[in-house]
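Asks: One structure coming up, written as structure tokens, with questions to follow.
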Amino acid sequence: MDGLLNVSSNPHIRSKQTTSSIMMMVVVSLLPACGYGIYKFGLNALLLTGTSVLCSMFFELLFEFITKKKNTIGDFSAIVTGLLLAMNLPPQAPFWIAIVGSFFAIVVVKMLFGGLGQNFMNPALGARCFLLISFTSIMTNFDTDTLSGATPLARLEAGEKVDLIAMLTGNTQGTIGETSAICLLIGASILLLAGIIDYIIPLFYIGSFAICIGLFGGYGFDITYLLGHVLGGGLILGAFFMATDYVTRPISKHGQVIYGIFLGVLTAVFRVFGPAAEGVSYAIIIGNLLVPLIDMITKPSYFGKGATKNE
């Protein structure tokens, strides 16, 4: 009996990473694109970003105070939500848009469903879709003091050429955090190298999207047209920073492949056949809602099980 092993309860494998350390790395990875957006669009973009982050933290604290729940502001998830929401806002939007958006993201999408780990969709994207539906004219107005006219995706939809170099560097219109593909890729590299995310969802998302755009976009696999779609409309921001959200993505690798392909196809459908030029936000939200079904279909067998009775 002295040789018996003392087996503790699960989990048996633990990671040194904590929720707060993961969220801090996400914040760091968002800083290049967010910082460039503030540099490019000026004071209003800075104030919008600050308002979104501070209000997200405030609403989480207030909700927990009213409901007498444990204070979770230290996990930095509210800061990530506030940053992502701000990066999805037009740079000249009024401040109350950030306030309303952060309330919807934190209280309605996140806290009312149990807080971090219980939300059924990405809070920042849920808020953006709510704002797009409720305040369409404000959320689709990207004119600034230095830039005016159509966004790159609107030009592509109209059959016009786009400046790929401008889209790479960020010298174009769009939301605060989506314009510079280079800055977004720097942030994505940080997450990949740190092991916070892996390549599966972004690869299959962007790959399936590009294939569908090439097949149904009307221009074949013209490289300028394809890259214009990939670099524009927040696709990189969505693929690396929001579709990979731990809470709202599938658990298994096979499920993540299906999820990525679904997002790519749906985003392409929205862009090619829908009235709007973007589509990333709605595609990810719909994908989030289908994650429980994808998890159920791709659920692996328990260790030691799966064989038939006759085997």
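So you can find residues: chains in the structure tokens are A, B, ... in the order shown, residues in each start at 1, and ligands are numbered from 1 in order.
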Which neighbours of Asp245 in chain A fall inside 10 Å, counting only C-alpha atoms, when residues of the same chain fewer than 3 positions from it are skipped, and could you give them as an MDAnalysis selection string?
Replies: chainID A and resid 121:122 196:197 238:242 248:250 288
Asks: Could you save the residues just selected, with N, CA and C atoms, as a PDB file, in the first residue's frame?
Replies:
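Resulting contents of result31.pdb:
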ATOM      1  N   MET A 121     -20.039  35.676 -27.682  1.00  0.00           N
ATOM      2  CA  MET A 121     -19.458  36.313 -28.850  1.00  0.00           C
ATOM      3  C   MET A 121     -18.378  37.285 -28.396  1.00  0.00           C
ATOM      4  N   ASN A 122     -17.519  37.686 -29.320  1.00  0.00           N
ATOM      5  CA  ASN A 122     -16.480  38.646 -28.996  1.00  0.00           C
ATOM      6  C   ASN A 122     -17.120  39.968 -28.588  1.00  0.00           C
ATOM      7  N   ILE A 196       0.741  32.885 -27.942  1.00  0.00           N
ATOM      8  CA  ILE A 196      -0.600  33.246 -27.484  1.00  0.00           C
ATOM      9  C   ILE A 196      -1.650  32.734 -28.474  1.00  0.00           C
ATOM     10  N   ILE A 197      -1.361  32.819 -29.762  1.00  0.00           N
ATOM     11  CA  ILE A 197      -2.229  32.262 -30.789  1.00  0.00           C
ATOM     12  C   ILE A 197      -1.387  31.360 -31.691  1.00  0.00           C
ATOM     13  N   GLY A 238      -9.266  41.287 -37.835  1.00  0.00           N
ATOM     14  CA  GLY A 238     -10.224  40.272 -37.419  1.00  0.00           C
ATOM     15  C   GLY A 238      -9.631  38.887 -37.360  1.00  0.00           C
ATOM     16  N   ALA A 239      -8.821  38.528 -38.354  1.00  0.00           N
ATOM     17  CA  ALA A 239      -8.292  37.163 -38.445  1.00  0.00           C
ATOM     18  C   ALA A 239      -7.320  36.840 -37.317  1.00  0.00           C
ATOM     19  N   PHE A 240      -6.455  37.789 -36.961  1.00  0.00           N
ATOM     20  CA  PHE A 240      -5.413  37.514 -35.966  1.00  0.00           C
ATOM     21  C   PHE A 240      -5.810  37.900 -34.540  1.00  0.00           C
ATOM     22  N   PHE A 241      -6.641  38.903 -34.382  1.00  0.00           N
ATOM     23  CA  PHE A 241      -6.883  39.446 -33.046  1.00  0.00           C
ATOM     24  C   PHE A 241      -8.269  39.153 -32.486  1.00  0.00           C
ATOM     25  N   MET A 242      -9.243  38.840 -33.343  1.00  0.00           N
ATOM     26  CA  MET A 242     -10.598  38.622 -32.834  1.00  0.00           C
ATOM     27  C   MET A 242     -11.141  37.235 -33.133  1.00  0.00           C
ATOM     28  N   THR A 248     -14.332  32.407 -27.676  1.00  0.00           N
ATOM     29  CA  THR A 248     -15.350  32.289 -28.728  1.00  0.00           C
ATOM     30  C   THR A 248     -14.864  31.526 -29.958  1.00  0.00           C
ATOM     31  N   ARG A 249     -13.737  30.850 -29.876  1.00  0.00           N
ATOM     32  CA  ARG A 249     -13.257  30.019 -30.982  1.00  0.00           C
ATOM     33  C   ARG A 249     -13.450  28.550 -30.615  1.00  0.00           C
ATOM     34  N   PRO A 250     -13.451  27.636 -31.586  1.00  0.00           N
ATOM     35  CA  PRO A 250     -13.546  26.204 -31.282  1.00  0.00           C
ATOM     36  C   PRO A 250     -12.338  25.714 -30.498  1.00  0.00           C
ATOM     37  N   ASN A 288     -19.028  32.927 -34.201  1.00  0.00           N
ATOM     38  CA  ASN A 288     -19.065  32.746 -32.747  1.00  0.00           C
ATOM     39  C   ASN A 288     -20.311  31.990 -32.307  1.00  0.00           C
TER      40      ASN A 288
END
Asks: Just want the 8 Å neighbourhood of Phe209 in chain A, counted on only C-alpha atoms, with same-chain residues fewer than 6 positions away dropped. Output as JSON, numbers by chain.
Replies: {"A": [261, 263, 264, 265, 267, 268]}
Asks: What is the CA of Lys110 in chain A to CA of Gly82 in chain A distance in Å?
Replies: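 These atoms are spaced 12.3 Å apart.
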Asks: Show me, as an MDAnalysis selection string, the residues that have an atom within 7 Å of Gly170 in chain A when counting only C-alpha atoms, minus same-chain residues fewer than 5 positions from it.
Replies: chainID A and resid 179:181
Asks: Extract the full set of helix (DSSP H, G or I) residues from range 63-285 of chain A according to DSSP on the backbone, and format it as a PyMOL selection string.
Replies: chain A and resi 63-67+73-75+77-87+95-113+123-134+136-139+152-157+164-169+181-193+200-216+223-231+235-242+253-273+280-285
Asks: Keeping C-alpha atoms for every residue in the selection just given, could you write it to a file as a compact mmCIF listing (two decimals), in the first residue's frame?
Replies:
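Final file, out_1.txt:
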# COMPACT_ATOMS: atom_id res chain seq x y z
CA PHE A 63 -21.33 45.93 -12.70
CA GLU A 64 -19.26 43.90 -10.25
CA PHE A 65 -19.89 46.45 -7.49
CA ILE A 66 -23.66 46.43 -8.05
CA THR A 67 -23.89 42.64 -8.28
CA ILE A 73 -10.37 44.29 -13.53
CA GLY A 74 -6.86 42.97 -12.86
CA ASP A 75 -7.11 40.37 -15.64
CA SER A 77 -9.61 41.74 -20.37
CA ALA A 78 -11.63 44.98 -20.12
CA ILE A 79 -8.60 46.90 -21.44
CA VAL A 80 -8.33 44.51 -24.40
CA THR A 81 -12.04 44.94 -25.14
CA GLY A 82 -11.76 48.72 -24.93
CA LEU A 83 -8.75 48.77 -27.25
CA LEU A 84 -10.33 46.48 -29.81
CA LEU A 85 -13.54 48.48 -29.79
CA ALA A 86 -11.64 51.74 -30.28
CA MET A 87 -9.65 50.24 -33.15
CA PHE A 95 -17.13 60.32 -27.84
CA TRP A 96 -20.57 59.05 -26.87
CA ILE A 97 -20.22 56.31 -29.50
CA ALA A 98 -17.28 54.90 -27.52
CA ILE A 99 -19.29 55.15 -24.28
CA VAL A 100 -22.35 53.39 -25.71
CA GLY A 101 -20.17 50.78 -27.41
CA SER A 102 -18.15 49.99 -24.29
CA PHE A 103 -21.35 49.65 -22.24
CA PHE A 104 -22.80 47.19 -24.74
CA ALA A 105 -19.54 45.23 -25.00
CA ILE A 106 -18.90 44.92 -21.27
CA VAL A 107 -22.34 44.82 -19.69
CA VAL A 108 -24.58 43.27 -22.34
CA VAL A 109 -22.22 40.87 -24.14
CA LYS A 110 -19.74 40.02 -21.38
CA MET A 111 -20.95 40.54 -17.81
CA LEU A 112 -24.61 39.60 -18.18
CA PHE A 113 -23.50 36.20 -19.44
CA PRO A 123 -17.55 41.67 -26.89
CA ALA A 124 -15.79 44.31 -29.02
CA LEU A 125 -17.21 42.95 -32.27
CA GLY A 126 -20.64 42.54 -30.74
CA ALA A 127 -20.53 46.20 -29.79
CA ARG A 128 -19.31 47.23 -33.23
CA CYS A 129 -22.14 45.37 -34.96
CA PHE A 130 -24.62 46.96 -32.56
CA LEU A 131 -23.22 50.41 -33.34
CA LEU A 132 -23.22 49.72 -37.10
CA ILE A 133 -26.89 48.76 -37.02
CA SER A 134 -27.95 51.55 -34.65
CA THR A 136 -24.96 53.52 -39.48
CA SER A 137 -24.18 57.02 -40.74
CA ILE A 138 -21.68 57.68 -37.94
CA MET A 139 -20.01 54.28 -38.14
CA PRO A 152 -10.16 51.15 -50.40
CA LEU A 153 -12.84 48.45 -50.23
CA ALA A 154 -15.47 50.86 -51.53
CA ARG A 155 -13.15 51.65 -54.44
CA LEU A 156 -12.68 47.95 -55.16
CA GLU A 157 -16.43 47.42 -55.10
CA LEU A 164 -1.47 48.69 -52.08
CA ILE A 165 1.53 50.56 -50.68
CA ALA A 166 -0.81 53.03 -48.97
CA MET A 167 -2.80 50.13 -47.52
CA LEU A 168 0.38 48.50 -46.23
CA THR A 169 1.68 51.65 -44.59
CA ALA A 181 -1.38 46.24 -42.51
CA ILE A 182 2.31 46.36 -41.53
CA CYS A 183 1.54 47.42 -37.96
CA LEU A 184 -1.15 44.76 -37.66
CA LEU A 185 1.24 42.08 -38.92
CA ILE A 186 3.88 43.20 -36.42
CA GLY A 187 1.31 42.76 -33.64
CA ALA A 188 0.23 39.39 -35.04
CA SER A 189 3.88 38.26 -35.11
CA ILE A 190 4.19 39.13 -31.43
CA LEU A 191 1.21 36.91 -30.58
CA LEU A 192 2.47 34.06 -32.75
CA LEU A 193 6.03 34.16 -31.40
CA ILE A 200 -4.54 27.75 -37.93
CA ILE A 201 -7.51 30.13 -37.79
CA PRO A 202 -5.81 33.11 -39.52
CA LEU A 203 -4.33 30.86 -42.24
CA PHE A 204 -7.58 29.12 -43.13
CA TYR A 205 -9.60 32.32 -42.69
CA ILE A 206 -7.47 34.43 -45.04
CA GLY A 207 -6.74 31.53 -47.41
CA SER A 208 -10.37 30.48 -47.92
CA PHE A 209 -11.37 34.13 -48.21
CA ALA A 210 -8.81 34.79 -50.96
CA ILE A 211 -9.90 31.68 -52.88
CA CYS A 212 -13.57 32.69 -52.73
CA ILE A 213 -12.80 36.28 -53.76
CA GLY A 214 -10.79 34.97 -56.68
CA LEU A 215 -13.59 32.63 -57.76
CA PHE A 216 -16.57 34.95 -57.31
CA ILE A 223 -3.07 39.84 -57.46
CA THR A 224 -3.80 43.55 -56.98
CA TYR A 225 -7.50 42.86 -56.50
CA LEU A 226 -6.88 39.98 -54.08
CA LEU A 227 -4.34 41.88 -51.99
CA GLY A 228 -6.65 44.89 -51.87
CA HIS A 229 -9.32 42.72 -50.27
CA VAL A 230 -6.90 40.99 -47.90
CA LEU A 231 -5.25 44.21 -46.71
CA LEU A 235 -9.52 41.38 -42.37
CA ILE A 236 -6.06 41.13 -40.77
CA LEU A 237 -7.33 42.72 -37.55
CA GLY A 238 -10.22 40.27 -37.42
CA ALA A 239 -8.29 37.16 -38.44
CA PHE A 240 -5.41 37.51 -35.97
CA PHE A 241 -6.88 39.45 -33.05
CA MET A 242 -10.60 38.62 -32.83
CA LYS A 253 -7.71 21.89 -34.14
CA HIS A 254 -10.17 20.34 -36.60
CA GLY A 255 -12.86 22.67 -35.30
CA GLN A 256 -10.57 25.66 -35.78
CA VAL A 257 -9.94 24.65 -39.41
CA ILE A 258 -13.69 24.44 -40.06
CA TYR A 259 -14.21 27.72 -38.22
CA GLY A 260 -11.51 29.51 -40.23
CA ILE A 261 -12.87 28.26 -43.56
CA PHE A 262 -16.41 29.23 -42.58
CA LEU A 263 -15.30 32.75 -41.67
CA GLY A 264 -13.38 33.14 -44.92
CA VAL A 265 -16.27 31.97 -47.09
CA LEU A 266 -18.84 34.05 -45.20
CA THR A 267 -16.71 37.21 -45.32
CA ALA A 268 -16.29 36.76 -49.07
CA VAL A 269 -20.04 36.26 -49.50
CA PHE A 270 -20.75 39.47 -47.59
CA ARG A 271 -18.22 41.44 -49.64
CA VAL A 272 -19.15 40.08 -53.08
CA PHE A 273 -22.91 39.70 -52.76
CA VAL A 280 -15.53 40.78 -41.24
CA SER A 281 -17.44 41.80 -38.11
CA TYR A 282 -20.68 40.07 -39.07
CA ALA A 283 -18.87 36.95 -40.25
CA ILE A 284 -17.01 36.52 -36.95
CA ILE A 285 -20.15 37.17 -34.88
Asks: To one decimal in Å, tell me the separation between CA of Asp143 in chain A and CA of Gly274 in chain A.
Replies: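 Taking CA of Asp143 in chain A as the start and CA of Gly274 in chain A as the end point, the length is 22.7 Å.
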Asks: Excluding Lys40 in chain A and its own-chain neighbours fewer than 3 positions away, which residues fall within 10 Å of it when counting only C-alpha atoms? Please give them as a PyMOL selection string.
Replies: chain A and resi 34-37+43+45+91+146+170-172+176+179-180
Asks: Take CA of Thr140 in chain A and CA of Gly174 in chain A and report the distance between them in Å, one decimal.
Replies: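 These two atoms are separated by 9.0 Å.
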Asks: Give me, as a list in words, all polymer residues having an atom no more than 8 Å from Phe142 in chain A, counting only C-alpha atoms and skipping those fewer than 4 positions away in the same chain.
Replies: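 These residues fall inside the cut-off: Pro90, Pro91, Gln92, Ser148, Thr151, Gln173, Gly174 and Thr175 of chain A.
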